[in-house]
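Asker: coords-v6.cif is reproduced below (mmCIF, C-alpha atoms).
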```cif
data_my_file
loop_
_atom_site.label_atom_id
_atom_site.label_comp_id
_atom_site.auth_asym_id
_atom_site.auth_seq_id
_atom_site.Cartn_x
_atom_site.Cartn_y
_atom_site.Cartn_z
CA MET A 6 -8.25 13.44 12.31
CA SER A 7 -9.10 13.46 15.98
CA THR A 8 -6.69 13.66 18.88
CA SER A 9 -5.35 10.49 20.50
CA THR A 10 -4.09 10.08 24.06
CA HIS A 11 -1.61 7.31 23.08
CA PRO A 12 1.79 8.08 24.64
CA GLY A 13 4.96 8.69 22.66
CA PRO A 14 5.52 10.02 19.13
CA LEU A 15 2.86 9.70 16.49
CA ARG A 16 3.22 6.53 14.47
CA ARG A 17 3.87 7.31 10.81
CA ILE A 18 2.41 5.72 7.67
CA ALA A 19 3.39 6.25 4.05
CA VAL A 20 0.79 5.19 1.48
CA LEU A 21 1.52 4.38 -2.17
CA ILE A 22 -1.33 4.67 -4.67
CA SER A 23 -2.01 4.67 -8.39
CA GLY A 24 -5.69 5.52 -8.66
CA SER A 25 -8.78 6.89 -6.97
CA GLY A 26 -7.57 6.20 -3.45
CA THR A 27 -10.63 4.71 -1.76
CA ASN A 28 -8.42 2.50 0.41
CA LEU A 29 -6.31 5.55 1.17
CA GLN A 30 -9.49 7.36 2.23
CA ALA A 31 -10.24 4.55 4.68
CA LEU A 32 -6.82 5.10 6.25
CA ILE A 33 -7.30 8.89 6.31
CA ASP A 34 -10.66 8.51 8.04
CA ALA A 35 -9.24 6.07 10.61
CA ALA A 36 -5.94 7.84 11.35
CA ASN A 37 -5.66 9.02 14.96
CA THR A 38 -9.02 7.51 15.93
CA PRO A 39 -9.55 4.41 18.10
CA ARG A 40 -9.36 2.28 14.95
CA LEU A 41 -5.85 3.53 14.15
CA PRO A 42 -4.74 5.36 17.29
CA HIS A 43 -1.92 7.88 17.57
CA THR A 44 -1.12 7.59 13.88
CA SER A 45 -0.36 10.10 11.15
CA ILE A 46 -0.16 9.60 7.40
CA VAL A 47 3.04 11.43 6.50
CA LEU A 48 3.22 10.81 2.75
CA VAL A 49 0.96 9.80 -0.13
CA PHE A 50 3.07 8.82 -3.13
CA SER A 51 1.67 8.10 -6.58
CA ASN A 52 3.08 6.83 -9.85
CA ARG A 53 0.33 8.71 -11.72
CA LYS A 54 -0.03 12.48 -11.62
CA ALA A 55 -3.78 12.26 -12.29
CA ALA A 56 -4.47 9.81 -9.45
CA TYR A 57 -7.45 11.15 -7.49
CA GLY A 58 -5.91 9.84 -4.31
CA LEU A 59 -3.52 12.81 -4.43
CA ALA A 60 -6.53 15.13 -4.21
CA ARG A 61 -7.86 13.13 -1.27
CA ALA A 62 -4.55 13.63 0.52
CA ALA A 63 -4.56 17.36 -0.20
CA ALA A 64 -8.13 17.65 1.10
CA ALA A 65 -7.38 15.88 4.38
CA THR A 66 -7.27 17.82 7.66
CA PRO A 67 -4.46 18.65 7.97
CA PRO A 68 -3.35 18.16 4.34
CA ILE A 69 -1.08 15.17 3.81
CA PRO A 70 2.20 15.71 1.92
CA THR A 71 2.16 14.16 -1.54
CA ALA A 72 4.70 13.22 -4.18
CA CYS A 73 4.51 11.75 -7.66
CA LEU A 74 7.01 10.04 -9.92
CA ALA A 75 5.83 8.25 -13.06
CA LEU A 76 7.97 5.51 -14.56
CA GLN A 77 8.08 6.48 -18.24
CA PRO A 78 8.82 10.20 -17.69
CA TYR A 79 11.56 9.17 -15.24
CA LEU A 80 13.17 6.83 -17.76
CA LYS A 81 12.89 9.45 -20.52
CA ALA A 82 14.51 12.12 -18.35
CA ASN A 83 17.27 9.78 -17.19
CA PRO A 84 18.79 7.93 -20.17
CA GLY A 85 20.48 4.74 -19.10
CA LYS A 86 18.37 4.37 -15.96
CA THR A 87 16.33 1.21 -15.46
CA ARG A 88 13.13 0.14 -13.78
CA THR A 89 15.20 -0.92 -10.78
CA ASP A 90 16.68 2.60 -10.59
CA TYR A 91 13.15 3.98 -10.60
CA ASP A 92 12.09 1.66 -7.79
CA ILE A 93 15.10 2.72 -5.71
CA GLU A 94 14.25 6.38 -6.35
CA VAL A 95 10.69 5.79 -5.15
CA ALA A 96 11.93 3.90 -2.11
CA GLN A 97 14.30 6.71 -1.21
CA ALA A 98 11.47 9.26 -1.43
CA VAL A 99 9.46 7.06 0.92
CA VAL A 100 12.35 6.63 3.36
CA ARG A 101 12.85 10.40 3.55
CA ALA A 102 9.33 10.67 5.05
CA ARG A 103 10.51 8.42 7.92
CA PRO A 104 7.47 6.11 7.96
CA ASP A 105 7.11 3.28 10.45
CA VAL A 106 5.02 1.29 7.95
CA VAL A 107 4.47 1.53 4.19
CA VAL A 108 1.02 0.61 2.86
CA LEU A 109 0.50 -0.22 -0.81
CA ALA A 110 -3.12 0.79 -1.32
CA GLY A 111 -3.74 0.24 -5.00
CA TRP A 112 -0.10 0.71 -6.08
CA MET A 113 -0.17 -0.67 -9.63
CA HIS A 114 3.52 -1.47 -9.94
CA ILE A 115 5.20 -4.73 -9.04
CA VAL A 116 7.52 -4.05 -6.12
CA SER A 117 11.08 -5.08 -6.94
CA GLN A 118 13.79 -6.39 -4.66
CA GLY A 119 15.61 -3.07 -5.17
CA PHE A 120 12.69 -1.22 -3.58
CA LEU A 121 12.54 -3.67 -0.69
CA ASP A 122 16.31 -3.52 -0.12
CA VAL A 123 16.09 0.20 0.57
CA LEU A 124 13.18 -0.29 2.98
CA ASN A 125 15.02 -3.19 4.63
CA GLY A 126 18.03 -0.98 5.29
CA THR A 127 20.34 -2.72 2.83
CA SER A 128 21.89 -1.39 -0.34
CA ALA A 129 20.12 -2.35 -3.55
CA PRO A 130 22.24 -4.30 -6.07
CA GLY A 131 24.16 -1.97 -8.32
CA ALA A 132 23.08 1.18 -6.48
CA PRO A 133 25.81 3.66 -5.49
CA GLU A 134 26.15 3.52 -1.73
CA GLU A 135 25.88 7.30 -1.38
CA ASP A 136 22.47 7.28 -3.08
CA VAL A 137 20.91 4.87 -0.60
CA ARG A 138 19.87 6.19 2.78
CA VAL A 139 20.17 3.28 5.21
CA VAL A 140 17.34 3.04 7.72
CA GLU A 141 17.78 2.13 11.38
CA ARG A 142 15.52 -0.90 11.05
CA GLU A 143 13.43 -2.61 8.44
CA ILE A 144 10.34 -0.62 7.46
CA PRO A 145 7.52 -3.15 6.93
CA VAL A 146 5.63 -2.97 3.64
CA ILE A 147 2.09 -4.33 3.36
CA ASN A 148 -0.27 -4.61 0.40
CA ILE A 149 -4.00 -5.09 -0.06
CA HIS A 150 -4.91 -7.60 -2.75
CA PRO A 151 -8.50 -8.42 -3.80
CA ALA A 152 -8.14 -12.19 -3.80
CA LEU A 153 -7.57 -15.02 -1.38
CA PRO A 154 -3.98 -16.24 -0.84
CA GLY A 155 -2.61 -18.02 -3.90
CA GLN A 156 -5.86 -17.62 -5.81
CA PHE A 157 -5.49 -14.77 -8.36
CA ASP A 158 -2.06 -13.17 -8.04
CA GLY A 159 -1.25 -10.03 -10.00
CA ALA A 160 -3.34 -7.58 -11.99
CA ASN A 161 -7.11 -7.67 -12.64
CA ALA A 162 -7.69 -10.08 -9.76
CA VAL A 163 -11.24 -8.84 -9.14
CA GLU A 164 -12.41 -9.42 -12.68
CA ARG A 165 -10.52 -12.71 -13.07
CA GLY A 166 -11.87 -14.03 -9.80
CA PHE A 167 -15.46 -12.98 -10.46
CA GLU A 168 -15.45 -14.53 -13.93
CA ALA A 169 -13.93 -17.76 -12.58
CA PHE A 170 -16.65 -17.95 -9.92
CA GLN A 171 -19.41 -17.40 -12.46
CA ARG A 172 -17.94 -20.20 -14.60
CA GLY A 173 -17.87 -22.52 -11.58
CA GLU A 174 -14.08 -22.77 -11.47
CA VAL A 175 -13.84 -21.52 -7.86
CA ASP A 176 -16.42 -21.59 -5.08
CA ARG A 177 -15.25 -18.64 -2.96
CA LEU A 178 -13.62 -15.24 -3.35
CA GLY A 179 -12.11 -12.77 -0.94
CA VAL A 180 -9.48 -10.19 -0.11
CA MET A 181 -6.29 -10.12 1.92
CA VAL A 182 -3.64 -7.81 3.30
CA HIS A 183 -0.21 -9.40 3.17
CA ARG A 184 3.42 -8.57 3.81
CA VAL A 185 5.24 -7.58 0.63
CA ILE A 186 8.05 -9.66 -0.81
CA ALA A 187 9.52 -9.65 -4.31
CA GLU A 188 7.22 -12.50 -5.43
CA VAL A 189 3.94 -10.89 -6.48
CA ASP A 190 1.18 -11.25 -3.88
CA ARG A 191 2.99 -14.15 -2.19
CA GLY A 192 4.01 -12.51 1.10
CA ALA A 193 2.66 -13.85 4.39
CA PRO A 194 -1.02 -12.92 4.83
CA LEU A 195 -1.88 -10.65 7.76
CA ILE A 196 -5.66 -10.64 7.36
CA VAL A 197 -7.75 -12.78 5.03
CA ARG A 198 -11.49 -12.30 4.58
CA GLU A 199 -13.92 -14.08 2.30
CA VAL A 200 -16.43 -11.89 0.46
CA VAL A 201 -19.93 -13.07 -0.40
CA VAL A 202 -20.38 -13.65 -4.12
CA ARG A 203 -23.47 -14.94 -5.87
CA LYS A 204 -24.17 -16.60 -9.20
CA GLY A 205 -25.65 -14.29 -11.78
CA GLU A 206 -24.99 -11.04 -9.92
CA ASP A 207 -23.35 -8.00 -11.48
CA LEU A 208 -19.67 -7.35 -10.91
CA LYS A 209 -19.76 -3.55 -10.75
CA ASN A 210 -23.08 -3.05 -8.98
CA ASP A 211 -23.18 -6.04 -6.64
CA TYR A 212 -19.86 -7.77 -5.94
CA GLU A 213 -17.41 -4.86 -6.11
CA PRO A 214 -19.20 -2.65 -3.52
CA ARG A 215 -19.28 -5.64 -1.16
CA LEU A 216 -15.59 -6.28 -1.77
CA HIS A 217 -14.58 -2.65 -1.26
CA SER A 218 -16.40 -2.39 2.06
CA VAL A 219 -14.32 -5.32 3.33
CA GLU A 220 -11.12 -3.80 1.92
CA TRP A 221 -11.73 -0.55 3.78
CA GLU A 222 -12.04 -2.46 7.06
CA ILE A 223 -9.07 -4.76 6.79
CA ILE A 224 -6.56 -2.25 5.41
CA VAL A 225 -7.02 -0.25 8.61
CA GLN A 226 -6.89 -3.36 10.81
CA ALA A 227 -3.70 -4.59 9.13
CA ALA A 228 -1.99 -1.19 9.35
CA LYS A 229 -2.72 -1.11 13.08
CA MET A 230 -1.51 -4.68 13.49
CA VAL A 231 1.86 -3.94 11.92
CA LEU A 232 2.27 -0.57 13.65
CA ASP A 233 1.70 -2.31 16.96
CA GLU A 234 4.61 -4.64 16.18
CA VAL A 235 7.28 -2.01 15.51
CA MET A 236 9.01 0.73 17.45
CA PRO A 237 8.61 4.18 15.88
CA LEU A 238 11.66 5.36 13.95
CA PRO A 239 13.36 8.54 15.18
CA VAL A 240 12.31 11.60 13.21
CA ASP A 241 14.79 14.31 12.29
CA ASP A 242 14.23 17.86 11.08
CA HIS A 243 14.62 16.87 7.43
CA SER A 244 11.76 14.35 7.34
CA GLU A 245 8.83 16.76 7.33
#
```
If you took the structure in this file and wrote it as structure tokens, what would it be?
Answerer:
Amino acid sequence: MSTSTHPGPLRRIAVLISGSGTNLQALIDAANTPRLPHTSIVLVFSNRKAAYGLARAAAATPPIPTACLALQPYLKANPGKTRTDYDIEVAQAVVRARPDVVVLAGWMHIVSQGFLDVLNGTSAPGAPEEDVRVVEREIPVINIHPALPGQFDGANAVERGFEAFQRGEVDRLGVMVHRVIAEVDRGAPLIVREVVVRKGEDLKNDYEPRLHSVEWEIIVQAAKMVLDEVMPLPVDDHSE
């Protein structure tokens, strides 16, 4: 990451991943460059221990702190806990890193209201007040989704969209970065881009590389857009 001359404290991003982390790599490559100036990635959090994105974070210069908490081991180790409890636990780990923005970059869990309540600075329903660290202001959460708004919400959007196009059910495909709300992939879009798709082409060899190249551009653009909207949170000695 190169040095920026932007005044004030570095702007801080936390990134949540579940897989190989190619969108994370786009953010790593852009951080503290003119594309994403005066910005540091302060946490990469995964729900899968084997996610290659964790290795990408460790290999960054300087290395990016990482954390991992998988749902099923958490529930097994904490009898009586629920999926909402897990989401609150993840949110609290994110809040401790003191990010200014949270980016879901291939996070393969539906974000619950409990998670968002912690990031919004309000107590999650049913959570003991002492377990919830209240933030000074709402921490925006954004997500990249490989479909146009309202087109293919949820999992396997790339495959579903491509197959629908090949069957003639839709005439265009694309990708967006949107603000995260409890309704899956229904938050307000920040950036929407159509991606060229052709009849008879191959999903893995033709369409997906084209799609990913657009994703890597707009995830950086959207992160910068949201960072430019917010004032950096104060950082204390316990956030590093």
Asker: For A:Phe50, list every protein, DNA or RNA residue within 8 Å, evaluated using all atoms listed in the file, and leave out those in the same chain fewer than 5 positions away; present the list as a PDB file with C-alpha atoms, in the coordinates of the input.
Answerer:
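Heads up, here's the output in result29.pdb:
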```
ATOM      1  CA  ALA A  19       3.390   6.250   4.050  1.00  0.00           C
ATOM      2  CA  VAL A  20       0.790   5.190   1.480  1.00  0.00           C
ATOM      3  CA  LEU A  21       1.520   4.380  -2.170  1.00  0.00           C
ATOM      4  CA  ILE A  22      -1.330   4.670  -4.670  1.00  0.00           C
ATOM      5  CA  LEU A  59      -3.520  12.810  -4.430  1.00  0.00           C
ATOM      6  CA  THR A  71       2.160  14.160  -1.540  1.00  0.00           C
ATOM      7  CA  ALA A  72       4.700  13.220  -4.180  1.00  0.00           C
ATOM      8  CA  CYS A  73       4.510  11.750  -7.660  1.00  0.00           C
ATOM      9  CA  LEU A  74       7.010  10.040  -9.920  1.00  0.00           C
ATOM     10  CA  VAL A  99       9.460   7.060   0.920  1.00  0.00           C
TER      11      VAL A  99
END
```
Asker: Nearest to A:Ala98: which of A:Gln156, A:Ser117, A:Thr66, A:Ser51 is it, counting only C-alpha atoms?
Answerer: A:Ser51
Asker: Leaving out stretch 163-172 of chain A and any residue of its chain fewer than 6 positions from it, which residues lie within 9 Å of it when counting only C-alpha atoms, given as a list in words?
Answerer: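 Neighbouring residues, sequence-local ones excluded: Pro151, Ala152, Gln156, Phe157, Leu178, Gly179, Val202, Arg203, Lys204, Gly205, Glu206, Leu208, Tyr212, Glu213 and Leu216 of chain A.
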Asker: Which residues are near stretch 75-78 of chain A? Cut-off 8 Å, only C-alpha atoms, ignore same chain within fewer than 5 positions. Put them as a list in words.
Answerer: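 Within the cut-off, the hits are Ser51, Asn52, Arg53, Lys54, Arg88 and Tyr91 of chain A.
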Asker: So what do you get for atom CA of A:Gly111 versus atom CA of A:Arg177, distance-wise?
Answerer: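 About the pair atom CA of A:Gly111 and atom CA of A:Arg177: they are 22.2 Å apart.
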Asker: In Å, rounded to a single decimal, give me how far atom CA of A:Val47 is from atom CA of A:Asn161.
Answerer: 28.9 Å
Asker: Which of these residues is nearest to A:Gln97, using all atoms listed in the file: A:Leu124, A:Leu232, A:Ala110, A:Ile115?
Answerer: A:Leu124
Asker: Name the closest residue to A:Ile144 among the candidates A:Gly119, A:Pro14, A:Gly173, A:Pro104; distances are taken between atoms, counting all atoms listed in the file.
Answerer: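 Closest to A:Ile144 of all the choices is A:Pro104.
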Asker: Box for stretch 203-218 of chain A: with edges along x, y and z, all listed atoms inside and 8 Å added on each side, what are the centre and edge lengths in Å to one decimal, as JSON?
Answerer:
```
{"center_x": -20.1, "center_y": -9.5, "center_z": -4.9, "size_x": 27.1, "size_y": 30.2, "size_z": 29.8}
```
Asker: Between atom CA of A:Val180 and atom CA of A:Glu220, measure the distance and give it in Å to one decimal.
Answerer: 6.9 Å
Asker: Identify which of the residues A:Asn148, A:Thr87, A:Asn210, A:Gln118 lies closest to A:Leu29, counting only C-alpha atoms when measuring atom-to-atom distances.
Answerer: A:Asn148
